[in-house]
Amino acid sequence: MLLDPDARGQAGSTAEAIGIENVSMSFQGRQGPVEALRGINLTIPQNRFISIVGRSGCGKSTLLRIISGLIPQSAGTIRVMGRSTQDYQKEKKFGFVFQEASLFPWKTARDNVRLPLDVIGIGTPAERAARADDLLRLTRLEGFADHYPAQLSGGMRQRVSIARALSYEPEILLMDEPFGALDEFTRREMHDELIRIWQTRPVTVVFVTHSLSEALYLSDAIVVMAPRPGRIKAVVPVAHPRLADPDMRHHPDVIAQTRDLERLIHEQ
Ligand SMILES: Nc1ncnc2c1ncn2[C@@H]1O[C@H](COP(=O)(O)OP(=O)(O)OP(=O)(O)O)[C@@H](O)[C@H]1O
């Protein structure tokens with residue numbers, strides 16, 4: 001399925017960021033093989049914000065992990081910026097943000113953010129510290145650079161992991177329920193932060209969530225998956241203008257679209 005290139009979002013590029021062709025994935029489970037994904041076809045244009053929703057076990061995380069090259073698919077091909085995931089990763093890196101911030105507790109916020117740069121060896125130590133401070137400013141954590149994760153709130157820790165994921169300027173940001181552990185208020189704050197960051201720096205975002213309102217608020221288009229075997233049921237463009245009004249969440253069109261998505265997810 002090709003996402004509508006005119007879907008809401010940043011103007012411009014219709015060039016492909018991620019091309020998924022006929023991808024299937026089977027795991028060896030205790031009671032035999034588990035068909036986690038079957039026949040996935042999806043083209044994600046550059047700099048779009050795409051969410052993946054669907055019932056538990058429909059293969060959302062598996063698809064994200066395959067895109068990132070963390071696990072190889074059983075069949076089919078994945079192109080990332082025109083190359084295989086493996087070739088792509090030789091030069092570029094994916095930004096990855098998980099539900100748990102997974103920061104190193106003994107490192108400060110700044111040192112957590114600069115860690116990928118230290119590992120890859122980009123720039124001088126002073127340049128890496130300066131880049132980390134820039135990203136902490138971008139994620140509104142200036143003043144907290146010397147704090148340790150235990151001294152930060154859940155939302156702040158997740159901001160540090162977003163800053164860290166952005167540290168090597170990825171073209172593609174993969175997010176697996178990044179705000180799932182946050183309370184509703186912090187979660188909404190993070191939505192606005194994420195959109196602000198996404199509008200500041202062009203990046204293709206693939207965002208896995210269980211929350212339809214979150215998907216509708218953030219995305220240009222929503223990929224609805226179905227389980228057993230995991231497959232794409234529909235790709236739904238999001239029509240309302242992003243962030244025109246935070247009260248958009250209560251707009252009758254948004255409520256109607258949420259209901260339609262719920263129906264799509266739950267019908268067999
Ligand atoms: N490493 C693994 N070994 C065996 N089976 C696996 C493995 N990883 C995932 N699966 C199975 O593949 C299917 C898809 O799992 P996946 O975690 O991708 O679903 P999901 O949609 O992300 O679920 P959730 O919404 O609950 O996080 C499930 O049936 C799961 O049990």
# chains A, B, ... in the order shown; residues from 1 in each chain; ligands from 1

$ closest_atom_pairs --of "stretch 143-220 of chain A" --to "stretch 114-138 of chain A" --cutoff "8 Å" --atoms "only C-alpha atoms" --output "CSV"
residue,atom,partner,partner_atom,distance
A:Ala145,CA,A:Leu136,CA,7.0
A:Val160,CA,A:Leu136,CA,7.2
A:Ala163,CA,A:Leu135,CA,5.4
A:Arg164,CA,A:Arg114,CA,6.7
A:Leu166,CA,A:Leu135,CA,7.6
A:Ser167,CA,A:Arg114,CA,6.8
A:Tyr168,CA,A:Leu117,CA,6.6
A:Ile197,CA,A:Leu138,CA,7.1

$ closest_atom_pairs --of "chain A" --to "ligand 1" --cutoff "9 Å" --atoms "only C-alpha atoms and all ligand atoms" --output "Markdown table"
| residue | atom | partner | partner_atom_place_in_ligand_line | distance |
| --- | --- | --- | --- | --- |
| A:Met25 | CA | ligand 1 | 12 (O) | 8.3 |
| A:Ser26 | CA | ligand 1 | 12 (O) | 7.6 |
| A:Phe27 | CA | ligand 1 | 4 (C) | 4.7 |
| A:Gln28 | CA | ligand 1 | 4 (C) | 5.7 |
| A:Gly29 | CA | ligand 1 | 4 (C) | 4.9 |
| A:Arg30 | CA | ligand 1 | 4 (C) | 8.0 |
| A:Pro33 | CA | ligand 1 | 4 (C) | 8.1 |
| A:Val34 | CA | ligand 1 | 5 (N) | 6.0 |
| A:Glu35 | CA | ligand 1 | 12 (O) | 6.8 |
| A:Ala36 | CA | ligand 1 | 12 (O) | 4.2 |
| A:Leu37 | CA | ligand 1 | 14 (C) | 7.4 |
| A:Ile52 | CA | ligand 1 | 21 (O) | 9.0 |
| A:Val53 | CA | ligand 1 | 21 (O) | 7.8 |
| A:Gly54 | CA | ligand 1 | 21 (O) | 6.4 |
| A:Arg55 | CA | ligand 1 | 25 (O) | 5.9 |
| A:Ser56 | CA | ligand 1 | 25 (O) | 3.5 |
| A:Gly57 | CA | ligand 1 | 19 (O) | 3.4 |
| A:Cys58 | CA | ligand 1 | 21 (O) | 3.9 |
| A:Gly59 | CA | ligand 1 | 18 (O) | 3.2 |
| A:Lys60 | CA | ligand 1 | 21 (O) | 3.9 |
| A:Ser61 | CA | ligand 1 | 22 (O) | 3.7 |
| A:Thr62 | CA | ligand 1 | 18 (O) | 3.7 |
| A:Leu63 | CA | ligand 1 | 18 (O) | 6.5 |
| A:Leu64 | CA | ligand 1 | 18 (O) | 8.1 |
| A:Arg65 | CA | ligand 1 | 18 (O) | 8.4 |
| A:Asp176 | CA | ligand 1 | 22 (O) | 8.3 |
| A:Glu177 | CA | ligand 1 | 27 (O) | 8.3 |
| A:Val208 | CA | ligand 1 | 22 (O) | 7.8 |
| A:Thr209 | CA | ligand 1 | 25 (O) | 7.7 |
| A:His210 | CA | ligand 1 | 25 (O) | 6.7 |
| A:Met225 | CA | ligand 1 | 21 (O) | 8.1 |
| A:Ala226 | CA | ligand 1 | 21 (O) | 8.6 |
| A:Pro227 | CA | ligand 1 | 21 (O) | 7.6 |
| A:Arg228 | CA | ligand 1 | 29 (O) | 7.4 |
| A:Pro229 | CA | ligand 1 | 13 (C) | 8.2 |
| A:Gly230 | CA | ligand 1 | 14 (C) | 6.9 |

$ write_last_selection --atoms "N, CA and C atoms" --output "short mmCIF file (atom, residue, chain, number, x, y, z; two decimals), in the first residue's frame"
data_model
loop_
_atom_site.label_atom_id
_atom_site.label_comp_id
_atom_site.auth_asym_id
_atom_site.auth_seq_id
_atom_site.Cartn_x
_atom_site.Cartn_y
_atom_site.Cartn_z
N MET A 25 7.17 -12.80 8.21
CA MET A 25 8.05 -13.15 9.33
C MET A 25 7.42 -14.27 10.13
N SER A 26 8.17 -15.34 10.32
CA SER A 26 7.72 -16.43 11.19
C SER A 26 8.73 -16.62 12.31
N PHE A 27 8.21 -16.79 13.53
CA PHE A 27 9.08 -17.13 14.67
C PHE A 27 8.85 -18.58 15.01
N GLN A 28 9.86 -19.20 15.57
CA GLN A 28 9.68 -20.56 16.06
C GLN A 28 9.16 -20.47 17.47
N GLY A 29 7.88 -20.72 17.66
CA GLY A 29 7.29 -20.67 19.00
C GLY A 29 7.35 -22.05 19.65
N ARG A 30 6.90 -22.11 20.93
CA ARG A 30 6.93 -23.39 21.66
C ARG A 30 6.03 -24.42 21.00
N PRO A 33 5.58 -22.90 14.57
CA PRO A 33 5.90 -21.58 14.04
C PRO A 33 4.76 -20.58 14.28
N VAL A 34 5.15 -19.33 14.59
CA VAL A 34 4.18 -18.24 14.75
C VAL A 34 4.34 -17.32 13.55
N GLU A 35 3.26 -17.14 12.79
CA GLU A 35 3.33 -16.28 11.62
C GLU A 35 3.06 -14.84 12.08
N ALA A 36 4.11 -14.13 12.40
CA ALA A 36 3.96 -12.78 12.96
C ALA A 36 3.56 -11.78 11.89
N LEU A 37 4.05 -11.93 10.67
CA LEU A 37 3.71 -11.00 9.57
C LEU A 37 3.53 -11.81 8.29
N ILE A 52 1.54 3.17 13.41
CA ILE A 52 1.05 1.80 13.21
C ILE A 52 0.22 1.43 14.43
N VAL A 53 -1.03 1.04 14.19
CA VAL A 53 -1.91 0.63 15.29
C VAL A 53 -2.47 -0.76 14.99
N GLY A 54 -3.02 -1.39 16.02
CA GLY A 54 -3.62 -2.71 15.82
C GLY A 54 -3.60 -3.47 17.12
N ARG A 55 -4.37 -4.54 17.17
CA ARG A 55 -4.50 -5.30 18.41
C ARG A 55 -3.16 -5.91 18.83
N SER A 56 -3.10 -6.23 20.11
CA SER A 56 -1.90 -6.82 20.66
C SER A 56 -1.52 -8.08 19.88
N GLY A 57 -0.26 -8.18 19.52
CA GLY A 57 0.20 -9.39 18.83
C GLY A 57 0.07 -9.34 17.32
N CYS A 58 -0.33 -8.18 16.76
CA CYS A 58 -0.54 -8.13 15.30
C CYS A 58 0.77 -7.87 14.56
N GLY A 59 1.86 -7.71 15.28
CA GLY A 59 3.16 -7.63 14.60
C GLY A 59 3.74 -6.24 14.45
N LYS A 60 3.21 -5.28 15.21
CA LYS A 60 3.69 -3.88 15.09
C LYS A 60 5.17 -3.77 15.42
N SER A 61 5.54 -4.32 16.61
CA SER A 61 6.94 -4.21 17.03
C SER A 61 7.85 -5.02 16.11
N THR A 62 7.34 -6.18 15.68
CA THR A 62 8.14 -7.01 14.78
C THR A 62 8.46 -6.25 13.50
N LEU A 63 7.45 -5.55 12.95
CA LEU A 63 7.67 -4.79 11.71
C LEU A 63 8.73 -3.70 11.94
N LEU A 64 8.62 -3.02 13.08
CA LEU A 64 9.59 -1.95 13.39
C LEU A 64 11.01 -2.53 13.51
N ARG A 65 11.10 -3.69 14.16
CA ARG A 65 12.43 -4.30 14.36
C ARG A 65 13.01 -4.78 13.04
N ASP A 176 8.68 2.96 19.37
CA ASP A 176 7.82 1.86 19.77
C ASP A 176 7.13 2.19 21.09
N GLU A 177 5.91 2.64 21.00
CA GLU A 177 5.12 3.07 22.18
C GLU A 177 5.94 3.96 23.12
N VAL A 208 4.80 3.38 16.66
CA VAL A 208 3.88 2.31 17.07
C VAL A 208 3.15 2.75 18.34
N THR A 209 1.83 2.61 18.34
CA THR A 209 1.07 3.00 19.53
C THR A 209 -0.19 2.15 19.67
N HIS A 210 -0.69 2.07 20.92
CA HIS A 210 -1.99 1.45 21.15
C HIS A 210 -3.07 2.52 21.19
N MET A 225 -3.19 -2.57 11.46
CA MET A 225 -2.80 -3.97 11.26
C MET A 225 -3.80 -4.91 11.92
N ALA A 226 -3.84 -6.14 11.43
CA ALA A 226 -4.71 -7.17 12.00
C ALA A 226 -3.84 -8.36 12.38
N PRO A 227 -4.25 -9.12 13.43
CA PRO A 227 -3.42 -10.23 13.89
C PRO A 227 -3.73 -11.57 13.22
N ARG A 228 -2.82 -12.53 13.47
CA ARG A 228 -2.98 -13.94 13.12
C ARG A 228 -3.43 -14.19 11.70
N PRO A 229 -2.61 -14.12 10.74
CA PRO A 229 -1.25 -13.60 10.79
C PRO A 229 -1.24 -12.07 10.73
N GLY A 230 -0.17 -11.46 11.23
CA GLY A 230 -0.06 -10.01 11.20
C GLY A 230 -0.06 -9.50 9.76
#

$ residues_around --residues "stretch 38-47 of chain A" --least-positions-apart "6" --cutoff "6 Å" --atoms "only C-alpha atoms" --output "PyMOL selection string"
chain A and resi 1-2+14-24+202-204+230-231

$ select_by_dssp --residues "stretch 6-90 of chain A" --states "alpha helix (DSSP H)" --output "PyMOL selection string"
chain A and resi 60-68+85-90

$ closest_residue --among "A:Ala150, A:Ile71, A:Met248, A:Ile232" --to "A:Ser213" --atoms "only C-alpha atoms"
A:Met248

$ residues_around --residues "A:Gly180" --least-positions-apart "5" --cutoff "12 Å" --atoms "only C-alpha atoms" --output "PyMOL selection string"
chain A and resi 97-101+154-155+158+175+186-188+190-191+207-211+214

$ closest_residue --among "A:Val113, A:Leu261, A:Ile50, A:Ala256" --to "A:Ile222" --atoms "only C-alpha atoms"
A:Ile50

$ closest_residue --among "A:Val206, A:Gly143, A:Glu193, A:Asp111" --to "A:Gly95" --atoms "only C-alpha atoms"
A:Val206

$ atom_distance --atom1 "atom CA of A:Ile195" --atom2 "atom CA of A:Asp146"
25.8 Å

$ select_by_dssp --residues "stretch 18-134 of chain A" --states "strand (DSSP E)" --output "ChimeraX atom specification"
/A:18-29,32-45,49-54,75-80,83-84,95-97

$ write_last_selection --atoms "N, CA and C atoms" --output "CSV table (one decimal), in the first residue's frame"
chain,number,residue,atom,x,y,z
A,18,ILE,N,11.0,4.5,3.1
A,18,ILE,CA,11.0,3.0,3.4
A,18,ILE,C,10.1,2.3,2.4
A,19,GLY,N,10.6,1.3,1.8
A,19,GLY,CA,9.8,0.5,0.9
A,19,GLY,C,9.7,-0.9,1.4
A,20,ILE,N,8.5,-1.4,1.7
A,20,ILE,CA,8.4,-2.8,2.2
A,20,ILE,C,7.6,-3.6,1.2
A,21,GLU,N,8.3,-4.7,0.7
A,21,GLU,CA,7.6,-5.5,-0.3
A,21,GLU,C,7.5,-6.9,0.1
A,22,ASN,N,6.2,-7.3,0.2
A,22,ASN,CA,5.9,-8.7,0.4
A,22,ASN,C,6.7,-9.3,1.6
A,23,VAL,N,6.8,-8.6,2.7
A,23,VAL,CA,7.6,-9.0,3.8
A,23,VAL,C,6.7,-10.0,4.7
A,24,SER,N,7.3,-11.1,5.0
A,24,SER,CA,6.7,-12.0,6.0
A,24,SER,C,7.7,-12.4,7.1
A,25,MET,N,7.2,-12.8,8.2
A,25,MET,CA,8.0,-13.2,9.3
A,25,MET,C,7.4,-14.3,10.1
A,26,SER,N,8.2,-15.3,10.3
A,26,SER,CA,7.7,-16.4,11.2
A,26,SER,C,8.7,-16.6,12.3
A,27,PHE,N,8.2,-16.8,13.5
A,27,PHE,CA,9.1,-17.1,14.7
A,27,PHE,C,8.8,-18.6,15.0
A,28,GLN,N,9.9,-19.2,15.6
A,28,GLN,CA,9.7,-20.6,16.1
A,28,GLN,C,9.2,-20.5,17.5
A,29,GLY,N,7.9,-20.7,17.7
A,29,GLY,CA,7.3,-20.7,19.0
A,29,GLY,C,7.3,-22.0,19.6
A,32,GLY,N,5.2,-24.6,17.8
A,32,GLY,CA,5.3,-24.5,16.4
A,32,GLY,C,5.5,-23.1,15.9
A,33,PRO,N,5.6,-22.9,14.6
A,33,PRO,CA,5.9,-21.6,14.0
A,33,PRO,C,4.8,-20.6,14.3
A,34,VAL,N,5.1,-19.3,14.6
A,34,VAL,CA,4.2,-18.2,14.8
A,34,VAL,C,4.3,-17.3,13.5
A,35,GLU,N,3.3,-17.1,12.8
A,35,GLU,CA,3.3,-16.3,11.6
A,35,GLU,C,3.1,-14.8,12.1
A,36,ALA,N,4.1,-14.1,12.4
A,36,ALA,CA,4.0,-12.8,13.0
A,36,ALA,C,3.6,-11.8,11.9
A,37,LEU,N,4.0,-11.9,10.7
A,37,LEU,CA,3.7,-11.0,9.6
A,37,LEU,C,3.5,-11.8,8.3
A,38,ARG,N,2.5,-11.4,7.5
A,38,ARG,CA,2.3,-12.1,6.2
A,38,ARG,C,2.1,-11.0,5.1
A,39,GLY,N,2.9,-11.1,4.1
A,39,GLY,CA,2.7,-10.2,2.9
A,39,GLY,C,2.5,-8.8,3.1
A,40,ILE,N,3.5,-8.2,3.9
A,40,ILE,CA,3.4,-6.7,4.2
A,40,ILE,C,3.9,-5.9,3.0
A,41,ASN,N,3.1,-5.0,2.5
A,41,ASN,CA,3.5,-4.1,1.4
A,41,ASN,C,3.2,-2.7,1.9
A,42,LEU,N,4.2,-1.8,1.9
A,42,LEU,CA,4.0,-0.5,2.4
A,42,LEU,C,5.1,0.4,1.9
A,43,THR,N,4.7,1.6,1.4
A,43,THR,CA,5.7,2.6,1.0
A,43,THR,C,5.5,3.8,1.8
A,44,ILE,N,6.6,4.2,2.5
A,44,ILE,CA,6.5,5.4,3.4
A,44,ILE,C,7.4,6.5,2.8
A,45,PRO,N,6.7,7.6,2.4
A,45,PRO,CA,7.5,8.7,1.8
A,45,PRO,C,8.4,9.4,2.8
A,49,PHE,N,5.0,11.4,9.0
A,49,PHE,CA,4.8,10.9,10.3
A,49,PHE,C,3.8,9.8,10.2
A,50,ILE,N,4.2,8.5,10.4
A,50,ILE,CA,3.3,7.4,10.2
A,50,ILE,C,3.1,6.7,11.5
A,51,SER,N,1.9,6.4,11.8
A,51,SER,CA,1.7,5.5,13.0
A,51,SER,C,1.2,4.2,12.6
A,52,ILE,N,1.5,3.2,13.4
A,52,ILE,CA,1.1,1.8,13.2
A,52,ILE,C,0.2,1.4,14.4
A,53,VAL,N,-1.0,1.0,14.2
A,53,VAL,CA,-1.9,0.6,15.3
A,53,VAL,C,-2.5,-0.8,15.0
A,54,GLY,N,-3.0,-1.4,16.0
A,54,GLY,CA,-3.6,-2.7,15.8
A,54,GLY,C,-3.6,-3.5,17.1
A,75,ALA,N,10.9,-13.5,4.7
A,75,ALA,CA,10.8,-13.3,3.3
A,75,ALA,C,10.5,-11.9,2.9
A,76,GLY,N,10.7,-11.5,1.6
A,76,GLY,CA,10.4,-10.2,1.2
A,76,GLY,C,11.6,-9.2,1.3
A,77,THR,N,11.4,-8.0,0.8
A,77,THR,CA,12.5,-7.1,0.8
A,77,THR,C,12.1,-5.7,1.5
A,78,ILE,N,13.1,-5.1,2.0
A,78,ILE,CA,12.9,-3.8,2.7
A,78,ILE,C,14.0,-2.9,2.0
A,79,ARG,N,13.5,-1.7,1.5
A,79,ARG,CA,14.5,-0.7,1.1
A,79,ARG,C,14.4,0.5,2.1
A,80,VAL,N,15.6,1.0,2.4
A,80,VAL,CA,15.6,2.2,3.3
A,80,VAL,C,16.4,3.2,2.5
A,83,ARG,N,18.2,1.7,-0.3
A,83,ARG,CA,19.2,0.6,-0.2
A,83,ARG,C,18.6,-0.4,0.8
A,84,SER,N,19.3,-1.6,0.8
A,84,SER,CA,18.9,-2.6,1.8
A,84,SER,C,19.2,-2.0,3.2
A,95,GLY,N,17.2,6.3,14.3
A,95,GLY,CA,17.0,6.7,15.7
A,95,GLY,C,15.9,5.7,16.2
A,96,PHE,N,16.1,5.2,17.4
A,96,PHE,CA,15.1,4.3,18.0
A,96,PHE,C,14.7,4.7,19.4
A,97,VAL,N,13.4,4.8,19.6
A,97,VAL,CA,13.0,5.2,21.0
A,97,VAL,C,12.0,4.1,21.4

$ closest_residue --among "A:Leu216, A:Met81, A:Ala181, A:Leu174" --to "A:Ala239" --atoms "only C-alpha atoms"
A:Leu216
